[in-house]
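A.B. asks: What follows is query.csv, CSV, C-alpha atoms and all ligand atoms.
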```
chain,number,residue,atom,x,y,z
D,1,MET,CA,21.4,-8.6,-46.7
D,2,LEU,CA,18.6,-6.8,-48.4
D,3,ALA,CA,17.5,-3.3,-47.4
D,4,ASN,CA,13.9,-3.2,-46.3
D,5,PRO,CA,11.4,-1.9,-48.9
D,6,ILE,CA,10.4,1.7,-48.1
D,7,PHE,CA,6.8,0.5,-47.6
D,8,ASN,CA,5.8,-3.1,-47.5
D,9,PRO,CA,2.0,-3.5,-47.4
D,10,ASN,CA,2.4,-7.3,-47.0
D,11,GLY,CA,4.4,-6.9,-43.8
D,12,ASP,CA,3.4,-8.1,-40.4
D,13,ASP,CA,4.1,-5.8,-37.5
D,14,ARG,CA,2.6,-8.0,-34.8
D,15,VAL,CA,4.8,-8.1,-31.7
D,16,GLU,CA,5.1,-11.9,-31.6
D,17,ASN,CA,6.5,-11.9,-35.2
D,18,ARG,CA,9.0,-9.1,-34.8
D,19,SER,CA,12.7,-9.6,-34.8
D,20,ILE,CA,15.7,-7.2,-35.0
D,21,TRP,CA,16.7,-8.7,-38.4
D,22,PHE,CA,15.0,-11.0,-40.9
D,23,GLY,CA,11.5,-9.9,-39.9
D,24,ASN,CA,8.7,-8.9,-42.2
D,25,THR,CA,8.1,-5.3,-41.2
D,26,THR,CA,5.7,-3.0,-43.1
D,27,ASN,CA,8.3,-0.3,-42.2
D,28,LEU,CA,5.6,1.6,-40.4
D,29,MET,CA,6.9,2.9,-37.1
D,30,GLN,CA,4.4,0.9,-35.1
D,31,LEU,CA,5.6,1.7,-31.6
D,32,ASN,CA,2.4,1.0,-29.6
D,33,ASP,CA,3.3,-2.6,-28.9
D,34,VAL,CA,6.9,-3.3,-29.1
D,35,ARG,CA,8.9,-6.5,-28.7
D,36,TYR,CA,12.1,-4.9,-27.5
D,37,SER,CA,11.1,-2.7,-24.6
D,38,TRP,CA,14.7,-2.0,-23.8
D,39,ALA,CA,14.9,0.0,-27.1
D,40,ILE,CA,12.1,2.4,-26.0
D,41,GLY,CA,13.9,3.0,-22.7
D,42,LEU,CA,17.2,3.5,-24.4
D,43,TYR,CA,15.7,5.9,-27.0
D,44,GLN,CA,14.1,7.9,-24.2
D,45,GLN,CA,17.4,8.2,-22.4
D,46,MET,CA,19.2,9.2,-25.6
D,47,ARG,CA,16.7,12.0,-26.1
D,48,GLU,CA,17.0,13.1,-22.5
D,49,ASN,CA,20.7,13.4,-23.1
D,50,PHE,CA,20.1,16.3,-25.5
D,51,TRP,CA,22.7,19.0,-25.4
D,52,ILE,CA,23.9,21.9,-27.6
D,53,PRO,CA,27.7,22.2,-28.1
D,54,GLN,CA,27.7,26.0,-28.6
D,55,LYS,CA,26.2,26.5,-25.2
D,56,LEU,CA,29.4,25.3,-23.6
D,57,ASP,CA,32.0,27.9,-22.9
D,58,LEU,CA,35.4,27.6,-24.5
D,59,THR,CA,36.8,31.0,-23.5
D,60,GLN,CA,39.5,29.7,-21.3
D,61,ASP,CA,40.5,27.1,-23.8
D,62,VAL,CA,41.4,29.7,-26.4
D,63,THR,CA,44.3,31.0,-24.1
D,64,ASP,CA,45.1,27.6,-22.7
D,65,TYR,CA,45.8,26.3,-26.1
D,66,TRP,CA,49.0,28.4,-26.2
D,67,ASN,CA,49.9,27.3,-22.7
D,68,LEU,CA,50.1,23.7,-23.8
D,69,THR,CA,53.5,22.2,-24.7
D,70,THR,CA,54.2,21.7,-28.4
D,71,GLU,CA,53.6,18.0,-27.9
D,72,GLU,CA,50.3,18.5,-26.1
D,73,ARG,CA,49.1,20.9,-28.8
D,74,HIS,CA,50.1,18.3,-31.5
D,75,ALA,CA,48.2,15.6,-29.6
D,76,TYR,CA,45.2,17.9,-29.1
D,77,ASP,CA,45.0,18.6,-32.9
D,78,GLY,CA,45.6,14.9,-33.8
D,79,ILE,CA,43.0,13.5,-31.4
D,80,LEU,CA,40.4,16.1,-32.6
D,81,SER,CA,41.1,15.0,-36.1
D,82,TYR,CA,40.8,11.3,-35.3
D,83,LEU,CA,37.5,11.8,-33.4
D,84,THR,CA,36.2,13.8,-36.3
D,85,PHE,CA,36.9,10.9,-38.5
D,86,LEU,CA,35.2,8.4,-36.2
D,87,ASP,CA,32.0,10.4,-36.0
D,88,SER,CA,32.1,11.1,-39.7
D,89,VAL,CA,32.4,7.5,-40.6
D,90,GLN,CA,29.6,6.6,-38.2
D,91,THR,CA,27.2,9.2,-39.7
D,92,CYS,CA,28.0,7.6,-43.1
D,93,ASN,CA,27.9,4.0,-42.2
D,94,LEU,CA,25.1,3.6,-39.7
D,95,PRO,CA,22.3,4.1,-42.3
D,96,HIS,CA,23.6,1.0,-44.2
D,97,LEU,CA,23.4,-1.1,-41.0
D,98,LYS,CA,20.0,0.3,-40.1
D,99,SER,CA,18.5,-0.4,-43.6
D,100,CYS,CA,17.9,-4.0,-42.9
D,101,VAL,CA,16.8,-3.7,-39.2
D,102,THR,CA,13.2,-5.0,-39.0
D,103,ALA,CA,12.1,-3.9,-35.5
D,104,PRO,CA,11.0,-0.3,-35.7
D,105,GLU,CA,11.8,0.3,-32.0
D,106,VAL,CA,15.4,-0.7,-32.7
D,107,SER,CA,15.5,1.4,-35.9
D,108,LEU,CA,14.4,4.4,-33.8
D,109,CYS,CA,17.5,4.1,-31.6
D,110,ILE,CA,19.8,3.9,-34.6
D,111,ALA,CA,18.1,6.9,-36.1
D,112,GLU,CA,18.8,8.9,-32.9
D,113,GLN,CA,22.4,7.5,-32.8
D,114,ILE,CA,22.9,8.8,-36.4
D,115,ALA,CA,21.6,12.3,-35.4
D,116,GLN,CA,24.0,12.3,-32.4
D,117,GLU,CA,27.0,11.3,-34.4
D,118,GLY,CA,26.2,14.1,-36.8
D,119,MET,CA,25.9,16.6,-33.9
D,120,HIS,CA,29.3,15.4,-32.5
D,121,ASN,CA,30.8,16.5,-35.8
D,122,GLN,CA,29.3,19.9,-35.3
D,123,SER,CA,30.8,20.0,-31.8
D,124,TYR,CA,34.3,19.3,-33.2
D,125,GLN,CA,33.7,22.1,-35.7
D,126,TYR,CA,32.8,24.4,-32.8
D,127,ILE,CA,36.0,23.5,-31.0
D,128,ILE,CA,38.1,23.8,-34.1
D,129,GLU,CA,36.7,27.1,-35.0
D,130,THR,CA,36.9,28.6,-31.5
D,131,VAL,CA,40.1,27.2,-30.1
D,132,ILE,CA,42.3,26.5,-33.2
D,133,PRO,CA,43.8,29.5,-34.9
D,134,SER,CA,42.4,30.0,-38.5
D,135,ASP,CA,45.7,29.0,-40.2
D,136,ARG,CA,45.7,25.6,-38.4
D,137,ARG,CA,42.1,24.6,-38.8
D,138,THR,CA,42.3,22.9,-42.2
D,139,ALA,CA,45.3,21.0,-41.0
D,140,VAL,CA,43.2,19.5,-38.2
D,141,TYR,CA,40.6,18.2,-40.6
D,142,GLU,CA,43.3,17.0,-42.9
D,143,PHE,CA,45.7,15.6,-40.3
D,144,TRP,CA,45.3,12.2,-42.0
D,145,ARG,CA,46.8,13.5,-45.2
D,146,THR,CA,50.1,14.2,-43.5
D,147,ASP,CA,50.1,11.6,-40.7
D,148,GLN,CA,50.7,8.1,-42.0
D,149,VAL,CA,49.6,6.4,-38.8
D,150,LEU,CA,46.3,8.2,-38.8
D,151,ALA,CA,45.8,7.6,-42.5
D,152,GLU,CA,46.3,3.8,-42.0
D,153,ARG,CA,44.0,3.8,-39.0
D,154,CYS,CA,41.2,5.6,-40.9
D,155,GLU,CA,41.6,3.3,-43.9
D,156,PHE,CA,41.4,0.2,-41.7
D,157,ILE,CA,38.2,1.3,-39.9
D,158,ALA,CA,36.5,2.5,-43.1
D,159,GLY,CA,37.7,-0.7,-45.0
D,160,ILE,CA,35.7,-3.0,-42.7
D,161,TYR,CA,32.5,-1.0,-43.3
D,162,GLN,CA,33.2,-0.8,-47.0
D,163,GLN,CA,33.6,-4.5,-47.2
D,164,TYR,CA,29.9,-4.9,-46.2
D,165,ILE,CA,28.8,-2.2,-48.7
D,166,ASP,CA,30.7,-3.9,-51.5
D,167,SER,CA,29.6,-7.4,-50.6
D,168,PRO,CA,26.5,-7.3,-48.3
D,169,THR,CA,26.6,-10.8,-47.0
D,170,GLU,CA,25.4,-11.9,-43.6
D,171,GLU,CA,29.0,-12.6,-42.6
D,172,ASN,CA,30.1,-9.1,-43.6
D,173,TYR,CA,27.1,-7.6,-41.8
D,174,PHE,CA,28.1,-9.3,-38.6
D,175,VAL,CA,31.7,-8.1,-39.0
D,176,ALA,CA,30.5,-4.5,-39.6
D,177,LEU,CA,28.3,-4.6,-36.6
D,178,LEU,CA,31.1,-5.9,-34.4
D,179,ALA,CA,33.4,-3.2,-35.9
D,180,ASP,CA,30.8,-0.7,-34.8
D,181,TYR,CA,30.8,-2.0,-31.3
D,182,LEU,CA,34.6,-1.7,-31.2
D,183,LEU,CA,34.4,1.9,-32.5
D,184,GLU,CA,31.8,2.9,-30.0
D,185,GLY,CA,33.2,0.9,-27.1
D,186,MET,CA,37.0,1.3,-27.5
D,187,TYR,CA,38.1,3.8,-30.1
D,188,PHE,CA,37.0,7.0,-28.4
D,189,TYR,CA,38.2,6.5,-24.9
D,190,ASN,CA,42.0,7.1,-25.0
D,191,GLY,CA,41.0,10.4,-26.7
D,192,PHE,CA,38.5,11.3,-23.9
D,193,ILE,CA,41.1,10.4,-21.4
D,194,TYR,CA,43.6,12.8,-23.0
D,195,PHE,CA,41.1,15.7,-22.5
D,196,TYR,CA,40.2,14.7,-18.9
D,197,ASN,CA,43.9,14.5,-18.2
D,198,LEU,CA,44.4,18.1,-19.4
D,199,ALA,CA,41.3,19.2,-17.4
D,200,SER,CA,42.8,17.5,-14.2
D,201,ARG,CA,45.7,19.9,-14.7
D,202,MET,CA,43.3,22.9,-15.1
D,203,LEU,CA,43.9,23.0,-18.8
D,204,MET,CA,41.2,23.2,-21.6
D,205,PRO,CA,38.2,22.8,-19.3
D,206,GLY,CA,35.7,23.8,-22.0
D,207,SER,CA,37.0,21.0,-24.3
D,208,ALA,CA,36.6,18.5,-21.5
D,209,ASP,CA,33.1,19.7,-20.8
D,210,ILE,CA,32.2,19.0,-24.5
D,211,PHE,CA,33.9,15.6,-24.4
D,212,LYS,CA,32.1,14.5,-21.3
D,213,MET,CA,28.8,15.2,-23.1
D,214,ILE,CA,30.0,13.2,-26.2
D,215,ASN,CA,31.3,10.5,-23.8
D,216,ARG,CA,27.8,10.2,-22.3
D,217,ASP,CA,26.3,9.9,-25.8
D,218,GLU,CA,28.8,7.3,-26.8
D,219,LEU,CA,28.1,5.1,-23.8
D,220,SER,CA,24.4,5.1,-24.8
D,221,HIS,CA,25.5,3.8,-28.2
D,222,VAL,CA,27.7,1.2,-26.5
D,223,ARG,CA,24.6,0.0,-24.6
D,224,LEU,CA,22.7,-0.3,-27.9
D,225,TYR,CA,25.4,-2.6,-29.4
D,226,GLN,CA,25.5,-4.6,-26.2
D,227,LYS,CA,21.8,-5.4,-26.9
D,228,LEU,CA,22.3,-6.0,-30.6
D,229,LEU,CA,25.4,-8.2,-30.5
D,230,PRO,CA,24.2,-11.1,-28.4
D,231,GLU,CA,21.1,-11.3,-30.8
D,232,ALA,CA,23.4,-11.0,-33.8
D,233,MET,CA,25.6,-13.9,-32.4
D,234,ARG,CA,22.4,-16.0,-32.5
D,235,LEU,CA,21.4,-15.1,-36.0
D,236,PHE,CA,24.5,-14.5,-38.1
D,237,PRO,CA,27.3,-16.8,-39.2
D,238,HIS,CA,30.4,-16.0,-37.2
D,239,SER,CA,33.0,-17.6,-35.0
D,240,VAL,CA,34.1,-16.6,-31.5
D,241,GLU,CA,37.7,-16.8,-32.6
D,242,GLN,CA,37.0,-14.2,-35.2
D,243,ILE,CA,35.5,-11.9,-32.5
D,244,TYR,CA,38.6,-12.3,-30.3
D,245,GLU,CA,40.8,-11.7,-33.3
D,246,MET,CA,38.9,-8.5,-34.0
D,247,PHE,CA,39.2,-7.3,-30.4
D,248,ASP,CA,42.9,-8.1,-30.3
D,249,ARG,CA,43.6,-6.2,-33.5
D,250,ALA,CA,41.5,-3.3,-32.3
D,251,VAL,CA,43.6,-3.1,-29.1
D,252,GLN,CA,46.8,-3.2,-31.1
D,253,HIS,CA,45.6,-0.5,-33.5
D,254,GLU,CA,44.3,1.7,-30.7
D,255,CYS,CA,47.6,1.4,-28.7
D,256,ARG,CA,49.6,2.1,-31.8
D,257,TRP,CA,47.7,5.3,-32.6
D,258,THR,CA,47.6,6.5,-29.0
D,259,ASN,CA,51.3,5.9,-28.5
D,260,HIS,CA,52.0,7.7,-31.8
D,261,ILE,CA,49.9,10.8,-31.0
D,262,VAL,CA,50.3,11.0,-27.2
D,263,GLY,CA,53.2,8.7,-26.5
D,264,GLU,CA,55.0,9.5,-23.3
D,265,ASN,CA,55.2,13.3,-23.9
D,266,VAL,CA,52.1,14.2,-21.9
D,267,LEU,CA,52.0,14.2,-18.2
D,268,GLY,CA,49.7,11.5,-16.8
D,269,ILE,CA,49.8,9.1,-19.8
D,270,THR,CA,52.4,6.5,-20.6
D,271,LYS,CA,52.6,3.7,-23.1
D,272,SER,CA,52.0,1.3,-20.3
D,273,SER,CA,48.9,3.1,-19.0
D,274,THR,CA,47.5,3.2,-22.5
D,275,GLU,CA,48.0,-0.5,-22.9
D,276,GLN,CA,46.5,-1.3,-19.5
D,277,TYR,CA,43.5,0.9,-20.2
D,278,THR,CA,42.8,-0.3,-23.7
D,279,LYS,CA,43.0,-4.0,-22.6
D,280,TYR,CA,40.8,-3.2,-19.7
D,281,LEU,CA,38.2,-1.7,-22.0
D,282,ALA,CA,38.4,-4.7,-24.3
D,283,ASN,CA,37.8,-7.1,-21.4
D,284,MET,CA,34.9,-5.0,-20.2
D,285,ARG,CA,33.3,-4.8,-23.6
D,286,LEU,CA,33.7,-8.6,-24.1
D,287,ARG,CA,32.1,-9.4,-20.8
D,288,ALA,CA,29.2,-7.1,-21.6
D,289,ILE,CA,28.3,-9.3,-24.6
D,290,GLY,CA,28.6,-12.5,-22.7
D,291,LEU,CA,32.2,-13.5,-23.6
D,292,GLU,CA,35.2,-14.3,-21.5
D,293,PRO,CA,37.8,-11.5,-21.2
D,294,LEU,CA,40.8,-11.7,-23.5
D,295,TYR,CA,43.5,-10.4,-21.3
D,296,SER,CA,44.1,-12.2,-18.0
D,297,GLY,CA,46.6,-10.1,-16.1
D,298,GLU,CA,45.3,-8.5,-12.9
D,299,GLN,CA,46.3,-5.0,-14.3
D,300,TYR,CA,43.8,-5.5,-17.2
D,301,GLN,CA,40.8,-5.9,-14.9
D,302,LYS,CA,40.8,-2.3,-13.7
D,303,SER,CA,41.2,1.2,-15.2
D,304,PRO,CA,44.5,3.0,-14.6
D,305,TYR,CA,42.5,6.3,-14.9
D,306,LYS,CA,40.1,6.0,-12.0
D,307,HIS,CA,41.4,9.3,-10.7
D,308,LEU,CA,40.1,11.0,-13.8
D,309,GLU,CA,36.5,9.9,-13.2
D,310,ARG,CA,35.4,13.1,-11.6
D,311,PHE,CA,36.4,15.0,-14.7
D,312,SER,CA,34.2,12.9,-16.8
D,313,ASP,CA,31.1,12.9,-14.7
D,314,THR,CA,28.4,15.5,-15.4
D,315,LYS,CA,26.4,14.7,-12.3
D,316,LYS,CA,28.6,14.1,-9.2
D,317,ALA,CA,30.3,16.5,-6.9
D,318,GLY,CA,33.4,16.8,-9.0
D,319,HIS,CA,31.4,18.7,-11.5
D,320,THR,CA,32.3,22.1,-10.1
D,321,LYS,CA,32.3,24.2,-13.2
D,322,ALA,CA,28.8,25.5,-13.1
D,323,ASN,CA,28.9,28.6,-15.3
D,324,PHE,CA,25.9,30.1,-17.0
D,325,PHE,CA,26.3,28.3,-20.2
D,326,GLU,CA,26.8,24.9,-18.6
D,327,ALA,CA,23.8,25.4,-16.4
D,328,GLY,CA,21.8,25.9,-19.6
D,329,VAL,CA,23.0,22.6,-21.0
D,330,THR,CA,22.7,20.4,-17.9
D,331,SER,CA,19.1,21.7,-17.4
D,332,TYR,CA,18.2,19.6,-20.4
D,333,VAL,CA,19.2,16.5,-18.5
D,334,MET,CA,16.0,15.2,-17.1
D,335,SER,CA,16.8,11.5,-16.7
D,336,SER,CA,17.1,10.2,-13.2
D,337,GLY,CA,20.6,8.8,-13.9
D,338,VAL,CA,22.7,7.6,-16.7
D,339,GLY,CA,24.5,4.4,-16.0
D,340,GLY,CA,27.9,3.5,-17.3
D,341,TRP,CA,29.9,6.2,-15.7
D,342,ASP,CA,31.9,3.6,-13.8
D,343,GLU,CA,33.1,2.6,-17.2
D,344,ILE,CA,35.9,5.2,-17.5
S,401,FE,FE,29.7,10.1,-31.7
S,402,FE,FE,28.6,6.7,-31.3
```
Now, as a test, write the supplied structure out as structure tokens.
C.D. replies:
Amino acid sequence: MLANPIFNPNGDDRVENRSIWFGNTTNLMQLNDVRYSWAIGLYQQMRENFWIPQKLDLTQDVTDYWNLTTEERHAYDGILSYLTFLDSVQTCNLPHLKSCVTAPEVSLCIAEQIAQEGMHNQSYQYIIETVIPSDRRTAVYEFWRTDQVLAERCEFIAGIYQQYIDSPTEENYFVALLADYLLEGMYFYNGFIYFYNLASRMLMPGSADIFKMINRDELSHVRLYQKLLPEAMRLFPHSVEQIYEMFDRAVQHECRWTNHIVGENVLGITKSSTEQYTKYLANMRLRAIGLEPLYSGEQYQKSPYKHLERFSDTKKAGHTKANFFEAGVTSYVMSSGVGGWDEI
């Protein structure tokens, strides 16, 4: 896969000749006539989701942090560290995937996604600086240096992306794109659930407020990949068995990590609910790209965390914490509705 030239005067931007990959773009952002109108709608929605982490109030979390059990505090630090890794690797990798996208309207969405992943890192920094005592902050960033399970998880995720950078074949591009979908669609959510679970017990409400904003952004990224992947399956060499294998491995890794960092030491989460939720997510993400679900048991067709939905939703009645700061943030939200909240 070759990166697009910075400017290609011999390109052809006519709508009928556009394609997401392998097109002949001038690289001009010609957005008057677009082939992929969904991309314009999605971009608009992503922009309307604008929020500023520092406007969310973490005051209660500072004291709550010391009211967590030792296990809960350990999980809080570890999950923050893992999420920091995920958004860091996204900020770093997405430009590589974007560099050969030949439809400017799709490029636009990925550019906004990159900006959001960068901002998510800033929100983790804000939480770490506000909630975590100064002598523990570096340890949160460097959790992977002392935690073998996290280190292996980070290396595995980064390794798939690195494979494409080292050998930019069409096969490796497809694998990197699918890995991106797995990250966006599966790897964040056991972490989000952990924070919503604490919030349901009146703990760390400011952290949960930040994570529900990140959650909303991530779901817009999921929707982007749900548009890209069916097209990629048409254009790139791959096999369906390979997709299922990657999903199954993603489920195993996600359960291994969640069982390690949360395990059964936190009220409301068990190894069994983690497995059920992760397989449910995998099934839902497969269906969304036109494939059959991988896990057939009845318990894998629904979320075990339905009761936490109201803690994740920024719009419905359960959103009761309307303080000054939060009102400032939600006032940015102008869209009539963001779909996907049934996806918890
Ligand atoms: Fe992110
Ligand atoms: Fe994302």
A.B. asks: Which of these, D:Leu198, D:Ala103, D:Leu177, D:Met186, has the shortest distance to Tyr277 (chain D) once you count only C-alpha atoms?
C.D. replies: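 Smallest distance to Tyr277 (chain D) is found for D:Met186.
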A.B. asks: Please provide as a PyMOL selection string all residues within 10 Å of region 242-246 of chain D, with the sequence filter that same-chain residues fewer than 2 positions apart are discarded (counting all atoms listed in the file).
C.D. replies: chain D and resi 174-175+178-179+182+238-240+248-252+282+286+291-294
A.B. asks: Considering all atoms listed in the file, state which residue in the set D:Cys255, D:Val106, D:Leu42, D:Lys306 is at the smallest distance from Leu219 (chain D).
C.D. replies: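 Residue with the minimum atom-to-atom distance to Leu219 (chain D): D:Leu42.
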A.B. asks: Which residues are near ligand FE 401 (chain S) in this structure, taking near to mean any atom at most 7 Å from a ligand atom and counting all atoms listed in the file? Format them as an MDAnalysis selection string.
C.D. replies: chainID D and resid 87 116:117 120 214 217:218
A.B. asks: Near Leu31 (chain D), within 10 Å and counting all atoms listed in the file, which residues show up once chain neighbours fewer than 4 positions away are dropped, as a short mmCIF file (atom, residue, chain, number, x, y, z; two decimals) with C-alpha atoms, keeping the file's coordinate frame?
C.D. replies:
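And here's result.cif as it stands now:
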```cif
data_model
loop_
_atom_site.label_atom_id
_atom_site.label_comp_id
_atom_site.auth_asym_id
_atom_site.auth_seq_id
_atom_site.Cartn_x
_atom_site.Cartn_y
_atom_site.Cartn_z
CA ASP D 13 4.10 -5.80 -37.50
CA VAL D 15 4.80 -8.10 -31.70
CA ARG D 35 8.90 -6.50 -28.70
CA SER D 37 11.10 -2.70 -24.60
CA ILE D 40 12.10 2.40 -26.00
CA ALA D 103 12.10 -3.90 -35.50
CA PRO D 104 11.00 -0.30 -35.70
CA GLU D 105 11.80 0.30 -32.00
CA LEU D 108 14.40 4.40 -33.80
#
```
A.B. asks: Could you list the protein, DNA and RNA residues that have any atom within 12 Å of ligand FE 402 (chain S), counting only C-alpha atoms and all ligand atoms, and write them as a ChimeraX atom specification?
C.D. replies: /D:46,83-94,109-121,179-189,213-225
A.B. asks: Just the number, please: distance in Å from CA of Trp38 (chain D) to CA of Thr26 (chain D), one decimal.
C.D. replies: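 It comes out at 21.3 Å.
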A.B. asks: So that I can check the surroundings of region 137-149 of chain D, please list as a ChimeraX atom specification every protein, DNA and RNA residue that reaches within 8 Å of it, counting all atoms listed in the file and ignoring chain neighbours fewer than 6 positions away.
C.D. replies: /D:77-78,80-81,84,128-129,257,260
A.B. asks: Between D:Arg18, D:Gln122, D:Tyr305, D:Ala3, which residue has the minimum interatomic distance to Tyr173 (chain D), considering only C-alpha atoms?
C.D. replies: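 Residue with the minimum atom-to-atom distance to Tyr173 (chain D): D:Ala3.
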A.B. asks: Which value, in Å to one decimal, gives the distance between CA of Tyr164 (chain D) and CA of Ile289 (chain D)?
C.D. replies: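 So the two atoms, CA of Tyr164 (chain D) and CA of Ile289 (chain D), lie 22.1 Å apart.
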A.B. asks: Mind giving me the straight-line distance from CA of Tyr126 (chain D) to CA of Gly191 (chain D) in Å, one decimal?
C.D. replies: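 So the answer is 17.3 Å.
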A.B. asks: For region 62-70 of chain D, find every residue with an atom within 7 Å (counting all atoms listed in the file), except residues of its own chain fewer than 5 positions away, and show them as a list in words.
C.D. replies: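 Contacts, in chain order: Thr130, Val131, Leu203 and Met204 of chain D.
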A.B. asks: Smallest atom-to-atom distance to Arg153 (chain D): which of D:Tyr124, D:Trp21, D:Phe195, D:Tyr82, using all atoms listed in the file?
C.D. replies: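 Among the listed residues, the smallest separation from Arg153 (chain D) belongs to D:Tyr82.
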A.B. asks: Counting only C-alpha atoms, which of D:Asn4, D:Asn259, D:Ser296, D:Ser123 gets nearest to Leu58 (chain D)?
C.D. replies: D:Ser123
A.B. asks: Kindly extract all protein, DNA and RNA residues lying within 9 Å of the coordinates (40.3, -1.3, -21.6) given in the file, considering only C-alpha atoms, and supply them as an MDAnalysis selection string.
C.D. replies: chainID D and resid 186 189 251 274:285 300:303 344
A.B. asks: Do a neighbour search on Pro237 (chain D) at 10 Å with all atoms listed in the file, toss out local chain neighbours closer than 3 positions, and write the hits as an MDAnalysis selection string.
C.D. replies: chainID D and resid 169:175 232:234
A.B. asks: Enclose region 91-105 of chain D, meaning all of its atoms listed in the file, in a box aligned along x, y and z, pad it by 5 Å on each side, and list the centre and edge lengths in Å to one decimal, as AutoDock Vina command-line options.
C.D. replies:
```
--center_x 19.5 --center_y 2.1 --center_z -38.1 --size_x 27.0 --size_y 24.2 --size_z 22.2
```
A.B. asks: Determine the nearest neighbour of Arg287 (chain D) from the options D:Pro53, D:Pro230, D:Gly268, D:Pro95, counting all atoms listed in the file.
C.D. replies: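 Checking each of D:Pro53, D:Pro230, D:Gly268, D:Pro95 against Arg287 (chain D), counting all atoms listed in the file, the winner is D:Pro230.
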A.B. asks: Reconstruct region 115-120 of chain D at the level of all heavy atoms, and format the result as a short mmCIF file (atom, residue, chain, number, x, y, z; two decimals), in the frame of the given file.
C.D. replies:
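The resulting file, out_3.cif, is reproduced below:
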```cif
data_model
loop_
_atom_site.label_atom_id
_atom_site.label_comp_id
_atom_site.auth_asym_id
_atom_site.auth_seq_id
_atom_site.Cartn_x
_atom_site.Cartn_y
_atom_site.Cartn_z
N ALA D 115 21.75 10.81 -35.63
CA ALA D 115 21.60 12.30 -35.40
C ALA D 115 22.70 12.72 -34.40
O ALA D 115 23.30 13.79 -34.57
CB ALA D 115 20.22 12.56 -34.82
N GLN D 116 22.97 11.91 -33.38
CA GLN D 116 24.00 12.30 -32.40
C GLN D 116 25.38 12.32 -32.97
O GLN D 116 26.17 13.21 -32.67
CB GLN D 116 23.91 11.37 -31.16
CG GLN D 116 22.63 11.55 -30.35
CD GLN D 116 22.61 10.78 -29.05
OE1 GLN D 116 23.49 9.96 -28.78
NE2 GLN D 116 21.61 11.02 -28.23
N GLU D 117 25.69 11.33 -33.82
CA GLU D 117 27.00 11.30 -34.40
C GLU D 117 27.22 12.54 -35.30
O GLU D 117 28.30 13.15 -35.31
CB GLU D 117 27.26 10.04 -35.26
CG GLU D 117 26.89 8.70 -34.61
CD GLU D 117 27.71 8.32 -33.39
OE1 GLU D 117 28.29 9.21 -32.75
OE2 GLU D 117 27.75 7.11 -33.07
N GLY D 118 26.15 12.93 -36.02
CA GLY D 118 26.20 14.10 -36.80
C GLY D 118 26.49 15.36 -35.96
O GLY D 118 27.35 16.20 -36.27
N MET D 119 25.77 15.43 -34.84
CA MET D 119 25.90 16.60 -33.90
C MET D 119 27.32 16.56 -33.28
O MET D 119 27.89 17.63 -33.03
CB MET D 119 24.82 16.48 -32.87
CG MET D 119 24.78 17.63 -31.90
SD MET D 119 25.77 17.27 -30.47
CE MET D 119 24.65 16.22 -29.55
N HIS D 120 27.88 15.40 -33.05
CA HIS D 120 29.30 15.40 -32.50
C HIS D 120 30.23 16.01 -33.48
O HIS D 120 31.15 16.72 -33.07
CB HIS D 120 29.67 13.92 -32.21
CG HIS D 120 28.86 13.28 -31.11
ND1 HIS D 120 28.85 11.93 -30.87
CD2 HIS D 120 28.02 13.84 -30.19
CE1 HIS D 120 28.04 11.68 -29.84
NE2 HIS D 120 27.53 12.83 -29.43
#
```
